[in-house]
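Below is upload.txt, holding compact mmCIF, C-alpha atoms and all ligand atoms.
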# COMPACT_ATOMS: atom_id res chain seq x y z
CA MET W 1 0.00 0.00 0.00
CA LEU W 2 1.25 3.50 -0.80
CA PRO W 3 2.00 5.68 2.26
CA THR W 4 -0.28 8.62 3.13
CA ILE W 5 0.19 11.75 1.02
CA GLU W 6 2.28 13.41 3.75
CA MET W 7 4.72 10.53 3.71
CA ARG W 8 5.19 10.45 -0.05
CA LYS W 9 8.81 10.67 -1.05
CA VAL W 10 9.58 12.47 -4.28
CA MET W 11 13.19 12.50 -5.44
CA ILE W 12 14.69 14.70 -8.11
CA ILE W 13 18.03 13.97 -9.72
CA GLY W 14 19.68 17.17 -10.94
CA ALA W 15 19.38 20.80 -9.81
CA GLY W 16 19.38 22.45 -13.23
CA PHE W 17 16.53 24.30 -14.92
CA ALA W 18 14.25 21.24 -15.01
CA GLY W 19 15.06 19.92 -11.54
CA LEU W 20 14.65 23.28 -9.80
CA SER W 21 11.36 24.11 -11.52
CA ALA W 22 10.00 20.67 -10.55
CA ALA W 23 11.25 21.02 -6.97
CA ARG W 24 9.66 24.46 -6.57
CA LYS W 25 6.30 23.27 -7.89
CA LEU W 26 6.28 20.20 -5.63
CA ALA W 27 7.36 22.17 -2.57
CA GLN W 28 4.61 24.75 -3.09
CA CYS W 29 1.79 22.29 -3.86
CA GLY W 30 0.64 22.14 -0.24
CA LEU W 31 0.68 18.34 0.05
CA GLY W 32 3.58 18.29 2.50
CA LEU W 33 5.60 15.91 0.36
CA GLU W 34 9.07 14.79 1.38
CA ILE W 35 11.18 16.13 -1.48
CA THR W 36 14.83 15.25 -1.96
CA LEU W 37 17.11 16.92 -4.50
CA PHE W 38 20.32 15.19 -5.61
CA ASP W 39 23.19 17.21 -7.07
CA LYS W 40 26.87 17.09 -6.20
CA LYS W 41 27.46 20.71 -7.20
CA GLU W 42 27.28 23.61 -4.82
CA ASP W 43 25.51 25.84 -7.32
CA SER W 44 23.11 25.58 -10.20
CA ALA W 45 24.55 27.25 -13.32
CA PHE W 46 22.93 29.40 -15.98
CA LEU W 47 24.52 27.66 -18.98
CA PRO W 48 23.34 29.87 -21.91
CA LEU W 49 25.68 32.65 -20.75
CA LEU W 50 28.79 30.45 -20.55
CA PRO W 51 30.16 31.55 -23.95
CA ASP W 52 29.59 35.19 -22.99
CA CYS W 53 31.89 34.74 -20.01
CA LEU W 54 34.67 34.26 -22.57
CA GLY W 55 33.94 37.01 -25.09
CA ARG W 56 31.92 39.62 -23.24
CA GLY W 57 33.63 39.06 -19.92
CA VAL W 58 30.46 38.26 -17.98
CA ASN W 59 31.60 37.27 -14.49
CA PRO W 60 30.83 33.52 -14.05
CA GLU W 61 29.74 34.24 -10.48
CA PHE W 62 26.59 35.84 -11.86
CA LEU W 63 25.64 32.54 -13.49
CA LEU W 64 25.45 30.71 -10.19
CA SER W 65 22.66 30.22 -7.71
CA ASN W 66 23.25 28.33 -4.50
CA ILE W 67 21.36 25.03 -4.28
CA GLU W 68 21.54 24.86 -0.48
CA ASN W 69 19.75 28.22 -0.15
CA PHE W 70 17.11 27.16 -2.66
CA CYS W 71 16.45 23.95 -0.72
CA GLY W 72 16.51 25.71 2.65
CA LYS W 73 13.85 28.24 1.61
CA LEU W 74 11.52 25.55 0.26
CA LYS W 75 12.23 22.93 2.96
CA ILE W 76 13.61 20.48 0.45
CA LYS W 77 16.06 17.80 1.56
CA ARG W 78 19.36 18.25 -0.24
CA VAL W 79 21.67 15.34 -0.95
CA ARG W 80 25.03 16.53 -2.21
CA GLU W 81 25.80 13.34 -4.08
CA GLU W 82 25.49 12.07 -7.63
CA ALA W 83 23.01 9.40 -8.55
CA ALA W 84 25.09 6.40 -9.57
CA ALA W 85 22.12 4.18 -10.43
CA VAL W 86 18.36 3.89 -10.14
CA ASP W 87 16.69 0.62 -9.25
CA PHE W 88 13.22 0.79 -10.78
CA GLU W 89 12.15 -2.51 -9.18
CA SER W 90 12.76 -1.48 -5.59
CA GLN W 91 12.24 2.25 -6.41
CA GLN W 92 15.57 3.42 -5.08
CA VAL W 93 18.10 6.05 -6.07
CA VAL W 94 21.56 4.64 -5.50
CA THR W 95 24.56 6.88 -4.77
CA LEU W 96 28.10 5.83 -3.91
CA ALA W 97 27.28 6.34 -0.22
CA SER W 98 23.70 5.15 0.19
CA LYS W 99 20.33 4.10 -1.20
CA TYR W 100 17.21 6.26 -1.06
CA ALA W 101 13.70 4.85 -1.51
CA TYR W 102 11.24 6.95 -3.49
CA ASP W 103 7.55 6.88 -4.37
CA PHE W 104 8.07 9.13 -7.39
CA LEU W 105 11.24 10.12 -9.17
CA ILE W 106 12.14 12.88 -11.63
CA ILE W 107 15.33 12.41 -13.62
CA ALA W 108 16.59 15.85 -14.65
CA SER W 109 20.34 15.32 -14.82
CA GLY W 110 20.86 17.32 -18.03
CA SER W 111 23.60 16.48 -20.50
CA GLN W 112 27.39 16.46 -20.60
CA THR W 113 30.14 16.63 -23.21
CA ASN W 114 30.23 13.55 -25.41
CA PHE W 115 33.84 12.56 -26.05
CA PHE W 116 32.66 9.58 -28.11
CA SER W 117 35.21 7.39 -26.26
CA ASN W 118 38.06 9.43 -27.76
CA GLN W 119 40.70 9.20 -25.02
CA ALA W 120 43.02 11.78 -26.61
CA ALA W 121 40.18 14.31 -26.75
CA GLN W 122 39.40 13.59 -23.13
CA ASN W 123 43.06 14.15 -22.21
CA TYR W 124 43.88 17.20 -24.28
CA ALA W 125 40.73 18.94 -25.53
CA TYR W 126 38.82 21.66 -23.73
CA ALA W 127 35.02 21.73 -23.57
CA LEU W 128 32.39 24.29 -22.65
CA ASN W 129 29.43 22.45 -21.25
CA ASN W 130 29.42 23.36 -17.59
CA ILE W 131 30.70 26.07 -15.30
CA ASN W 132 33.84 24.13 -14.33
CA ASP W 133 34.89 24.09 -18.00
CA LEU W 134 35.34 27.88 -17.99
CA LYS W 135 38.44 28.17 -15.82
CA PRO W 136 40.74 25.93 -17.91
CA ILE W 137 39.71 27.80 -21.07
CA THR W 138 40.18 31.28 -19.61
CA GLU W 139 43.54 30.26 -18.13
CA ALA W 140 44.66 28.92 -21.50
CA LEU W 141 43.55 32.14 -23.23
CA GLU W 142 45.34 34.28 -20.67
CA GLY W 143 48.47 32.11 -21.00
CA ASN W 144 48.59 33.14 -24.67
CA LYS W 145 50.56 30.11 -25.85
CA PHE W 146 48.20 29.00 -28.65
CA GLU W 147 48.03 30.32 -32.22
CA TYR W 148 45.21 28.12 -33.54
CA PHE W 149 41.84 27.67 -31.86
CA ILE W 150 40.18 24.64 -33.36
CA ILE W 151 36.57 23.99 -32.51
CA CYS W 152 35.39 20.47 -33.20
CA GLY W 153 31.72 20.66 -34.16
CA GLY W 154 29.73 23.37 -35.91
CA GLY W 155 26.53 23.17 -33.88
CA TYR W 156 24.95 25.91 -31.73
CA THR W 157 27.65 25.76 -29.07
CA GLY W 158 30.54 25.52 -31.54
CA VAL W 159 29.56 28.65 -33.45
CA GLU W 160 28.86 30.56 -30.24
CA ILE W 161 32.30 29.65 -28.90
CA ALA W 162 33.96 30.69 -32.19
CA ALA W 163 32.29 34.10 -32.14
CA ASN W 164 33.17 34.68 -28.49
CA LEU W 165 36.80 33.75 -29.10
CA TRP W 166 36.80 36.26 -31.94
CA LEU W 167 35.51 38.95 -29.54
CA TYR W 168 38.03 37.95 -26.87
CA PHE W 169 40.98 38.33 -29.26
CA LYS W 170 39.59 41.53 -30.75
CA LYS W 171 39.42 43.08 -27.29
CA ALA W 172 42.86 41.70 -26.39
CA GLY W 173 44.32 43.04 -29.68
CA ARG W 174 45.66 39.62 -30.67
CA ASP W 175 45.57 38.12 -34.13
CA LYS W 176 44.71 34.41 -33.81
CA LYS W 177 43.26 31.85 -36.16
CA ILE W 178 39.88 30.38 -35.23
CA ILE W 179 38.75 27.30 -37.13
CA ILE W 180 35.54 25.27 -36.96
CA VAL W 181 35.91 21.65 -38.05
CA GLU W 182 32.61 20.09 -39.10
CA ARG W 183 32.12 16.52 -40.29
CA ALA W 184 28.94 17.39 -42.27
CA PRO W 185 28.95 19.42 -45.51
CA VAL W 186 27.58 22.42 -43.62
CA ILE W 187 27.45 23.80 -40.08
CA LEU W 188 24.22 23.98 -38.03
CA GLY W 189 22.88 20.90 -39.85
CA PRO W 190 19.19 20.74 -38.85
CA LEU W 191 18.51 24.50 -39.02
CA PRO W 192 16.89 26.32 -41.96
CA ASP W 193 19.13 27.28 -44.89
CA TRP W 194 18.80 31.03 -44.33
CA ILE W 195 20.21 30.64 -40.79
CA LYS W 196 23.10 28.49 -41.99
CA THR W 197 24.00 30.99 -44.69
CA TYR W 198 23.66 33.98 -42.38
CA VAL W 199 25.80 32.44 -39.64
CA GLN W 200 28.42 31.22 -42.11
CA ASN W 201 28.79 34.64 -43.69
CA ASN W 202 28.83 36.20 -40.27
CA LEU W 203 31.62 33.91 -39.06
CA LYS W 204 33.60 34.50 -42.24
CA SER W 205 33.36 38.26 -41.69
CA MET W 206 35.00 37.67 -38.29
CA GLY W 207 37.79 35.70 -39.97
CA VAL W 208 36.60 32.34 -38.61
CA GLU W 209 37.46 29.56 -41.03
CA ILE W 210 34.95 26.74 -41.48
CA LEU W 211 36.35 23.38 -42.55
CA ALA W 212 33.28 21.39 -43.59
CA ASN W 213 33.40 17.71 -44.62
CA SER W 214 36.40 17.47 -42.29
CA VAL W 215 37.29 15.48 -39.22
CA ILE W 216 39.83 15.68 -36.43
CA GLU W 217 42.19 12.81 -37.22
CA GLU W 218 44.75 13.07 -34.46
CA ILE W 219 45.00 14.88 -31.16
CA GLN W 220 48.17 15.39 -29.18
CA LYS W 221 49.06 17.92 -26.54
CA ASP W 222 48.86 21.34 -28.29
CA ARG W 223 48.80 19.65 -31.75
CA VAL W 224 45.81 18.78 -33.88
CA ARG W 225 45.60 17.09 -37.26
CA VAL W 226 42.51 17.76 -39.36
CA SER W 227 41.76 15.68 -42.46
CA GLY W 228 43.48 17.03 -45.59
CA ARG W 229 45.50 19.64 -43.66
CA PRO W 230 49.03 19.88 -42.31
CA VAL W 231 49.28 19.44 -38.54
CA PHE W 232 48.25 22.53 -36.58
CA GLU W 233 50.96 23.27 -34.01
CA LYS W 234 50.28 25.44 -30.97
CA ALA W 235 46.66 24.47 -31.32
CA MET W 236 44.00 24.60 -28.65
CA LEU W 237 41.22 22.12 -29.36
CA ILE W 238 37.74 22.88 -28.08
CA TRP W 239 35.55 19.80 -28.20
CA SER W 240 31.93 20.47 -29.12
CA PRO W 241 30.64 17.74 -31.44
CA GLY W 242 27.71 16.83 -29.21
CA VAL W 243 26.42 15.89 -25.80
CA ARG W 244 25.10 12.82 -24.05
CA THR W 245 23.18 12.20 -20.86
CA ALA W 246 24.67 11.29 -17.46
CA ASP W 247 26.57 8.03 -17.02
CA PHE W 248 24.01 6.28 -14.78
CA ILE W 249 21.33 6.68 -17.44
CA GLN W 250 23.22 4.43 -19.84
CA GLN W 251 22.51 1.44 -17.52
CA LEU W 252 18.79 2.10 -17.05
CA PRO W 253 16.42 -0.44 -18.61
CA VAL W 254 14.46 2.16 -20.61
CA ALA W 255 14.32 3.20 -24.28
CA LYS W 256 16.90 5.88 -25.18
CA ASN W 257 17.92 7.81 -28.27
CA PRO W 258 21.57 7.73 -29.46
CA GLN W 259 22.44 10.63 -27.10
CA GLY W 260 21.12 8.57 -24.21
CA ARG W 261 18.05 10.78 -23.76
CA ILE W 262 15.26 8.75 -22.15
CA VAL W 263 12.22 8.28 -24.37
CA VAL W 264 9.22 9.58 -22.44
CA ASP W 265 5.49 9.22 -23.08
CA GLU W 266 3.10 12.13 -23.55
CA TYR W 267 2.97 12.57 -19.76
CA LEU W 268 6.80 12.70 -19.51
CA ARG W 269 7.01 9.25 -17.92
CA ALA W 270 9.65 6.61 -18.42
CA ASN W 271 7.53 4.35 -16.20
CA PRO W 272 4.56 5.00 -13.86
CA HIS W 273 6.81 6.16 -11.01
CA CYS W 274 9.61 7.81 -12.97
CA PHE W 275 9.30 11.07 -14.90
CA CYS W 276 12.04 12.79 -16.92
CA ALA W 277 12.53 16.45 -17.77
CA GLY W 278 14.93 18.73 -19.61
CA ASP W 279 17.87 17.50 -21.67
CA THR W 280 17.43 14.02 -20.17
CA ALA W 281 13.98 13.59 -21.72
CA PHE W 282 13.49 12.63 -25.34
CA PHE W 283 10.03 13.90 -26.21
CA GLY W 284 8.57 13.30 -29.67
CA ASP W 285 9.71 10.94 -32.38
CA LYS W 286 12.90 10.69 -34.37
CA ASN W 287 11.66 13.09 -37.04
CA ASN W 288 10.11 15.65 -34.76
CA PHE W 289 11.50 15.93 -31.25
CA LEU W 290 12.18 18.71 -28.79
CA ARG W 291 15.68 20.17 -28.87
CA MET W 292 17.65 20.76 -25.69
CA ALA W 293 16.68 24.21 -24.48
CA VAL W 294 15.98 26.12 -21.30
CA GLN W 295 12.32 26.81 -22.12
CA PHE W 296 11.52 23.09 -22.50
CA ALA W 297 13.55 22.13 -19.42
CA ILE W 298 11.60 24.56 -17.23
CA ASN W 299 8.22 23.61 -18.70
CA GLN W 300 8.90 19.89 -18.48
CA GLY W 301 10.11 20.19 -14.89
CA ASN W 302 6.83 21.93 -14.01
CA GLN W 303 4.75 19.42 -15.92
CA ALA W 304 6.50 16.39 -14.38
CA ALA W 305 5.78 17.86 -10.94
CA VAL W 306 2.13 18.52 -11.85
CA ASN W 307 1.73 14.93 -13.00
CA ILE W 308 3.27 13.57 -9.80
CA ILE W 309 0.84 15.70 -7.78
CA ARG W 310 -2.03 14.42 -9.93
CA SER W 311 -0.84 10.81 -9.54
CA ILE W 312 -0.85 11.23 -5.77
CA LYS W 313 -4.32 12.74 -5.86
CA ASN W 314 -5.51 9.95 -8.17
CA LEU W 315 -6.39 12.45 -10.89
CA PRO W 316 -5.85 11.78 -14.61
CA LEU W 317 -2.41 12.92 -15.80
CA LYS W 318 -2.00 15.93 -18.11
CA LYS W 319 -0.33 15.58 -21.48
CA PHE W 320 2.77 17.69 -22.00
CA ARG W 321 2.02 20.17 -24.79
CA PRO W 322 5.25 22.01 -25.60
CA LEU W 323 5.02 25.67 -26.45
CA ASP W 324 7.95 26.49 -28.70
CA LEU W 325 8.67 30.22 -28.52
CA GLY W 326 11.54 29.82 -30.98
CA TYR W 327 15.29 29.91 -30.77
CA ILE W 328 18.16 32.34 -31.24
CA ILE W 329 21.75 31.74 -32.27
CA PRO W 330 23.49 34.48 -30.32
CA LEU W 331 26.68 35.69 -31.93
CA ALA W 332 29.22 37.85 -30.17
CA ASN W 333 29.43 40.49 -32.92
CA ASN W 334 25.78 41.29 -32.10
CA LYS W 335 24.56 39.93 -35.42
CA SER W 336 22.51 37.07 -34.06
CA CYS W 337 19.70 35.29 -35.83
CA GLY W 338 16.79 33.02 -35.10
CA GLU W 339 13.08 32.43 -35.35
CA VAL W 340 10.92 33.83 -32.56
CA PHE W 341 7.12 33.41 -32.57
CA GLY W 342 7.53 32.36 -36.21
CA PHE W 343 9.34 35.60 -37.18
CA LYS W 344 12.77 35.44 -38.81
CA LEU W 345 15.10 37.78 -36.95
CA LYS W 346 18.61 38.95 -37.78
CA GLY W 347 21.06 41.38 -36.22
CA LEU W 348 20.82 43.37 -33.03
CA LEU W 349 17.20 42.53 -32.14
CA PRO W 350 17.73 38.77 -31.60
CA THR W 351 20.93 39.59 -29.70
CA ALA W 352 18.93 41.83 -27.38
CA LEU W 353 16.13 39.26 -27.06
CA HIS W 354 18.65 36.57 -26.13
CA PHE W 355 20.06 38.67 -23.31
CA ILE W 356 16.62 39.75 -22.14
CA MET W 357 15.71 36.05 -21.90
CA CYS W 358 18.93 35.33 -20.01
CA ILE W 359 18.43 38.18 -17.56
CA PHE W 360 14.76 37.33 -17.06
CA ARG W 361 15.51 33.66 -16.35
CA SER W 362 18.62 34.23 -14.21
CA ALA W 363 18.23 33.54 -10.51
CA GLY W 364 18.22 36.45 -8.07
CA PHE W 365 18.42 40.24 -8.25
CA LYS W 366 22.19 40.34 -7.69
CA ASN W 367 22.87 38.06 -10.66
CA LYS W 368 20.52 39.99 -12.92
CA VAL W 369 22.13 43.32 -12.07
CA GLY W 370 25.62 41.82 -12.39
CA ILE W 371 24.88 40.40 -15.84
CA ILE W 372 23.37 43.67 -17.07
CA SER W 373 26.32 45.63 -15.75
CA ASP W 374 28.91 43.27 -17.33
CA LEU W 375 27.08 43.28 -20.66
CA ILE W 376 27.01 47.08 -20.70
CA LYS W 377 30.71 47.22 -19.81
CA SER W 378 31.48 44.87 -22.72
CA LEU W 379 30.05 47.27 -25.31
CA PRO W 380 32.63 49.54 -26.92
CA GLY W 381 29.81 51.80 -28.09
CA PRO W 382 26.07 51.80 -27.50
CA TYR W 383 25.25 50.30 -30.89
CA PHE W 384 28.33 48.16 -31.46
CA ILE W 385 28.09 45.92 -34.48
CA GLY W 386 30.93 43.66 -35.58
CA PRO W 387 32.76 43.69 -38.90
CA GLY W 388 31.57 43.03 -42.40
CA LYS W 389 28.21 43.10 -44.12
CA VAL W 390 26.23 39.92 -43.56
C1 LIG W 401 27.30 26.59 -23.80
C2 LIG W 401 25.82 26.38 -23.79
C3 LIG W 401 24.97 27.34 -24.33
C4 LIG W 401 23.60 27.15 -24.33
N1 LIG W 401 22.80 28.14 -24.84
C5 LIG W 401 21.46 28.00 -24.78
C6 LIG W 401 20.60 29.05 -25.21
O1 LIG W 401 21.05 30.11 -25.68
N2 LIG W 401 19.25 28.86 -25.11
C7 LIG W 401 18.71 27.70 -24.60
O2 LIG W 401 17.49 27.56 -24.52
N3 LIG W 401 19.51 26.68 -24.20
C8 LIG W 401 20.85 26.80 -24.26
N4 LIG W 401 21.66 25.78 -23.82
C9 LIG W 401 21.04 24.50 -23.40
C10 LIG W 401 20.46 24.60 -22.00
O3 LIG W 401 21.43 25.13 -21.11
C11 LIG W 401 20.03 23.21 -21.55
O4 LIG W 401 19.05 22.72 -22.46
C12 LIG W 401 19.46 23.26 -20.14
O5 LIG W 401 20.47 23.61 -19.23
C13 LIG W 401 18.86 21.91 -19.76
O6 LIG W 401 18.40 21.97 -18.45
P1 LIG W 401 18.42 20.65 -17.55
O7 LIG W 401 17.76 21.03 -16.26
O8 LIG W 401 17.88 19.52 -18.32
O9 LIG W 401 19.97 20.34 -17.33
P2 LIG W 401 21.12 21.21 -16.65
O10 LIG W 401 20.77 22.63 -16.61
O11 LIG W 401 22.36 20.80 -17.37
O12 LIG W 401 21.17 20.65 -15.15
C14 LIG W 401 21.47 19.32 -14.88
C15 LIG W 401 21.92 19.20 -13.43
O13 LIG W 401 22.01 17.80 -13.12
C16 LIG W 401 23.15 17.58 -12.35
N5 LIG W 401 23.56 16.18 -12.53
C17 LIG W 401 24.14 15.60 -13.59
N6 LIG W 401 24.35 14.30 -13.38
C18 LIG W 401 23.87 14.05 -12.14
C19 LIG W 401 23.82 12.87 -11.33
N7 LIG W 401 24.28 11.69 -11.75
N8 LIG W 401 23.28 12.96 -10.10
C20 LIG W 401 22.80 14.16 -9.63
N9 LIG W 401 22.84 15.29 -10.36
C21 LIG W 401 23.36 15.23 -11.58
C22 LIG W 401 24.17 18.58 -12.87
O14 LIG W 401 25.16 18.85 -11.87
C23 LIG W 401 23.29 19.79 -13.17
O15 LIG W 401 23.23 20.67 -12.05
C24 LIG W 401 23.04 25.95 -23.79
C25 LIG W 401 23.89 24.98 -23.24
C26 LIG W 401 25.26 25.19 -23.23
C27 LIG W 401 26.15 24.13 -22.61
Is it possible to give me this structure as C-alpha cells?
Ligand SMILES: Cc1cc2nc3c(=O)[nH]c(=O)nc-3n(C[C@H](O)[C@H](O)[C@H](O)COP(=O)(O)OP(=O)(O)OC[C@H]3O[C@@H](n4cnc5c(N)ncnc54)[C@H](O)[C@@H]3O)c2cc1C
Amino acid sequence: MLPTIEMRKVMIIGAGFAGLSAARKLAQCGLGLEITLFDKKEDSAFLPLLPDCLGRGVNPEFLLSNIENFCGKLKIKRVREEAAAVDFESQQVVTLASKYAYDFLIIASGSQTNFFSNQAAQNYAYALNNINDLKPITEALEGNKFEYFIICGGGYTGVEIAANLWLYFKKAGRDKKIIIVERAPVILGPLPDWIKTYVQNNLKSMGVEILANSVIEEIQKDRVRVSGRPVFEKAMLIWSPGVRTADFIQQLPVAKNPQGRIVVDEYLRANPHCFCAGDTAFFGDKNNFLRMAVQFAINQGNQAAVNIIRSIKNLPLKKFRPLDLGYIIPLANNKSCGEVFGFKLKGLLPTALHFIMCIFRSAGFKNKVGIISDLIKSLPGPYFIGPGKV
C-alpha cells in the first residue's frame, strides 16, 4: 500500500533548470511531500551565458545560484551526491554512499560533453558544457601560448564559442586563427538554410574559417591534425561535437535515443513512477523531437511535478504540450539570428532578445544586475556591431 500523502517521497536527480522548476512546484503544492534533490554541485549554473563569459567578460559568479539556499527556503532535503544508479524494481536512487527509496522520481540530470570514447580528446581537448569548464579555457587564453583555436563541431555551441573567441581576441588586440571543423557538408545541420547561410557569412566576416566535410584525425598535446591539412601546431582544441546524458542513465532499462536521452510518453514518464525532464527527456519521435533548451527544461520540470501531484491525488495525468517560442543563435558580434514566434530575426534585435531572456531567467536580483552591468561594460559603443556586411 502507498503511504499517506504526507509521507510520499519524491526524489529529483539534478538541480538544473528542469530539476529546480519541478522542486519548486512540488514544494509549493501544499501536500507536505518529502522532497529530496540530488546534485553534487554547490551551485546551479545558468549555462546559456557560458560563452559570454569568454567574449563579453560576464563574471561567471553571476551565473550561479546556491542550491543549499534554494532547498533551505523551500524545505527540500538536499543530498550533495550524484546518482550512480536507479533501481526501478525497488524504487531506489543509488549513490556511492547510500540508497534512497522513493515513491516518485524525476530524472533531470541534463547532459554532458560527449567525447565519443576518444581518449586523446578527453586528455587534451577543452570543452564548454558546464561552469567548471570555464576556468581551464580562460587560463589557456590568458596564458597566450596557442596560435590556432580549433573547434570540433559546428553546432549551436561551436559557433557561439567561435564568435566569443573572436571577440576575446579583438578586445585583447591579438591576431589568432579560429577554425571550426565540421564533419557534415555544412554547419548547423538541422537548421533552416537562411540561418546556416547567415551564420556562415557572419563567421567568415569575423575571420573564422569553417572546414566542412572534415574530421579531427589526431589529437596530441597542443597539436591537432585535421583531415586534408598539415598538422596545426600550438593548437587549442575545443571539443563540441555533441552531448550525451549522465553516465548512470546508460545502464537504465528504458528506451533511449543515441544521445542517451530517455524516451518519455506524452505525460513525460519513463515508467509510472519515474518522470524525466529537460535535456534528459526525449520527447517526440525521431523526425520531430524537442531540442535541448531552457524553455523546454523549465516547462517539463513543471509538468512532471504537476503529473506527480495528480498521480498522488488519483487524478488523470496531463499531457505535455510544448510551447515552442523559438530559438536564437546568439553571436558575439551582435549579429545574431533566429526564429521567434515564427518571425525570422537577424542582427541586433535577436541579440537583445537573447540577453533579455537570459536576464529574465537568471536567478536572483544580484545576478541579474551583475549580468546587465557586465554586458554594458562589454560594449565599446552603445550600438556596437561587428565587422563586415552579412
Ligand atoms: C554553452 C551552452 C549554451 C547554451 N545556450 C542555450 C541558449 O542560448 N538557449 C537555450 O534555450 N539553451 C541553451 N543551452 C542549453 C540549456 O542550457 C540546456 O538545455 C538546459 O540547461 C537543460 O536543463 P536541464 O535542467 O535539463 O539540465 P542542466 O541545466 O544541465 O542541469 C542538470 C543538473 O544535473 C546535475 N547532474 C548531472 N548528473 C547528475 C547525477 N548523476 N546525479 C545528480 N545530479 C546530476 C548537474 O550537476 C546539473 O546541475 C546551452 C547549453 C550550453 C552548454
Do you know which residues are at most 12 Å from Gln91 of chain W counting all atoms listed in the file, after dropping those on the same chain fewer than 3 positions away, and could you put them as a list in words?
->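 The neighbour list is Lys9, Val10, Met11, Ala85, Val86, Asp87, Phe88, Val94, Lys99, Tyr100, Ala101, Tyr102, Asp103, Phe104, Leu105, Ile106, Asn271, Pro272, His273 and Cys274 of chain W.
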Long-range neighbours of Gln295 of chain W as a list in words, 12 Å cut-off, all atoms listed in the file, 3 positions minimum in chain |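 The residues that qualify are Phe17, Ala18, Ser21, Pro48, Ala277, Gly278, Asp279, Leu290, Arg291, Met292, Ile298, Asn299, Gln300, Gly301, Asn302, Pro322, Leu323, Asp324, Leu325, Gly326, Tyr327, Met357, Cys358, Phe360 and Arg361 of chain W.
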Hey, which bits of chain W sit within 6 Å of ligand LIG 401 (chain W), and for each residue what's the closest pair of atoms and how far apart in Å (one decimal), counting all atoms listed in the file, rows by chain and increasing number, as a Markdown table?
| residue | atom | partner | partner_atom | distance |
| --- | --- | --- | --- | --- |
| W:Ile13 | CA | W:LIG401 | C20 | 4.8 |
| W:Gly14 | CA | W:LIG401 | O13 | 3.3 |
| W:Ala15 | CA | W:LIG401 | O15 | 4.5 |
| W:Gly16 | CA | W:LIG401 | O12 | 3.2 |
| W:Phe17 | CA | W:LIG401 | O7 | 3.7 |
| W:Ala18 | CA | W:LIG401 | O7 | 3.7 |
| W:Gly19 | CA | W:LIG401 | O7 | 5.5 |
| W:Phe38 | CA | W:LIG401 | C20 | 4.8 |
| W:Asp39 | CA | W:LIG401 | N9 | 3.8 |
| W:Lys41 | CA | W:LIG401 | O14 | 5.5 |
| W:Ser44 | CA | W:LIG401 | O15 | 5.2 |
| W:Leu47 | CA | W:LIG401 | O3 | 4.5 |
| W:Pro48 | CA | W:LIG401 | N1 | 3.4 |
| W:Leu50 | CA | W:LIG401 | C1 | 5.3 |
| W:Pro51 | CA | W:LIG401 | C1 | 5.7 |
| W:Glu82 | CA | W:LIG401 | N8 | 3.4 |
| W:Ala83 | CA | W:LIG401 | N8 | 3.9 |
| W:Ala84 | CA | W:LIG401 | N7 | 5.8 |
| W:Ala108 | CA | W:LIG401 | O8 | 5.3 |
| W:Ser109 | CA | W:LIG401 | O13 | 3.4 |
| W:Gly110 | CA | W:LIG401 | O9 | 3.2 |
| W:Ser111 | CA | W:LIG401 | O11 | 5.5 |
| W:Leu128 | CA | W:LIG401 | C1 | 5.7 |
| W:Asn129 | CA | W:LIG401 | C27 | 3.9 |
| W:Thr157 | CA | W:LIG401 | C1 | 5.3 |
| W:Ala246 | CA | W:LIG401 | N6 | 5.1 |
| W:Gly278 | CA | W:LIG401 | O8 | 3.3 |
| W:Asp279 | CA | W:LIG401 | O8 | 3.9 |
| W:Thr280 | CA | W:LIG401 | O8 | 5.8 |
| W:Met292 | CA | W:LIG401 | O4 | 4.0 |
| W:Ala293 | CA | W:LIG401 | O2 | 3.4 |
| W:Val294 | CA | W:LIG401 | O2 | 3.8 |
| W:Gln295 | CA | W:LIG401 | O2 | 5.7 |
| W:Ala297 | CA | W:LIG401 | O6 | 4.9 |
Using only C-alpha atoms, pick whichever of W:Lys204, W:Arg183, W:Lys221, W:Lys177 has the shortest atom-to-atom distance to Tyr126 of chain W.
->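 Of all the options, W:Lys221 lies closest to Tyr126 of chain W.
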d(atom CA of Arg8 of chain W, atom CA of Glu266 of chain W) in Å =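 Going from atom CA of Arg8 of chain W over to atom CA of Glu266 of chain W covers 23.7 Å.
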So, counting all atoms listed in the file, which residue among W:Thr113, W:Thr138, W:Asn288, W:Asn132 is closest to Pro190 of chain W?
->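 Closest to Pro190 of chain W of all the choices is W:Asn288.
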If you measure from atom CA of Gly154 of chain W to atom CA of Pro241 of chain W, what distance in Å do you get, rounded to one decimal?
->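 If I compute the distance from atom CA of Gly154 of chain W to atom CA of Pro241 of chain W, I get 7.2 Å.
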Kindly indicate which residue among W:Trp239, W:Phe365, W:Phe296, W:Phe275 lies nearest to Gln112 of chain W, using only C-alpha atoms for the distances.
->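 Ranked by minimum distance to Gln112 of chain W, first place goes to W:Trp239.
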Got a sec: who's within 12 Å of Arg229 of chain W, counting only C-alpha atoms, leaving out chain neighbours fewer than 6 positions off, as a PyMOL selection string?
-> chain W and resi 181+211+214-218
For Thr351 of chain W, which residue among W:Ala212, W:Phe146, W:Asp52, W:Phe46 is the nearest when counting all atoms listed in the file?
->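 Looking only at the distances to Thr351 of chain W, the closest residue turns out to be W:Asp52.
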note - atom CA of Ile328 of chain W and atom CA of Ala140 of chain W are separated by 28.4 Å
For segment 97-101 of chain W, which lacks atoms in the input, supply N, CA and C atoms and format the output as a PDB file, in the coordinates of the input.
ATOM      1  N   ALA W  97      27.308   6.460  -1.687  1.00  0.00           N
ATOM      2  CA  ALA W  97      27.280   6.340  -0.220  1.00  0.00           C
ATOM      3  C   ALA W  97      26.052   5.604   0.304  1.00  0.00           C
ATOM      4  N   SER W  98      24.935   5.659  -0.407  1.00  0.00           N
ATOM      5  CA  SER W  98      23.700   5.150   0.190  1.00  0.00           C
ATOM      6  C   SER W  98      22.637   4.807  -0.857  1.00  0.00           C
ATOM      7  N   LYS W  99      21.482   4.364  -0.339  1.00  0.00           N
ATOM      8  CA  LYS W  99      20.330   4.100  -1.200  1.00  0.00           C
ATOM      9  C   LYS W  99      19.137   4.860  -0.636  1.00  0.00           C
ATOM     10  N   TYR W 100      18.320   5.427  -1.511  1.00  0.00           N
ATOM     11  CA  TYR W 100      17.210   6.260  -1.060  1.00  0.00           C
ATOM     12  C   TYR W 100      15.928   5.778  -1.747  1.00  0.00           C
ATOM     13  N   ALA W 101      14.954   5.370  -0.944  1.00  0.00           N
ATOM     14  CA  ALA W 101      13.700   4.850  -1.510  1.00  0.00           C
ATOM     15  C   ALA W 101      12.788   6.018  -1.902  1.00  0.00           C
TER      16      ALA W 101
END
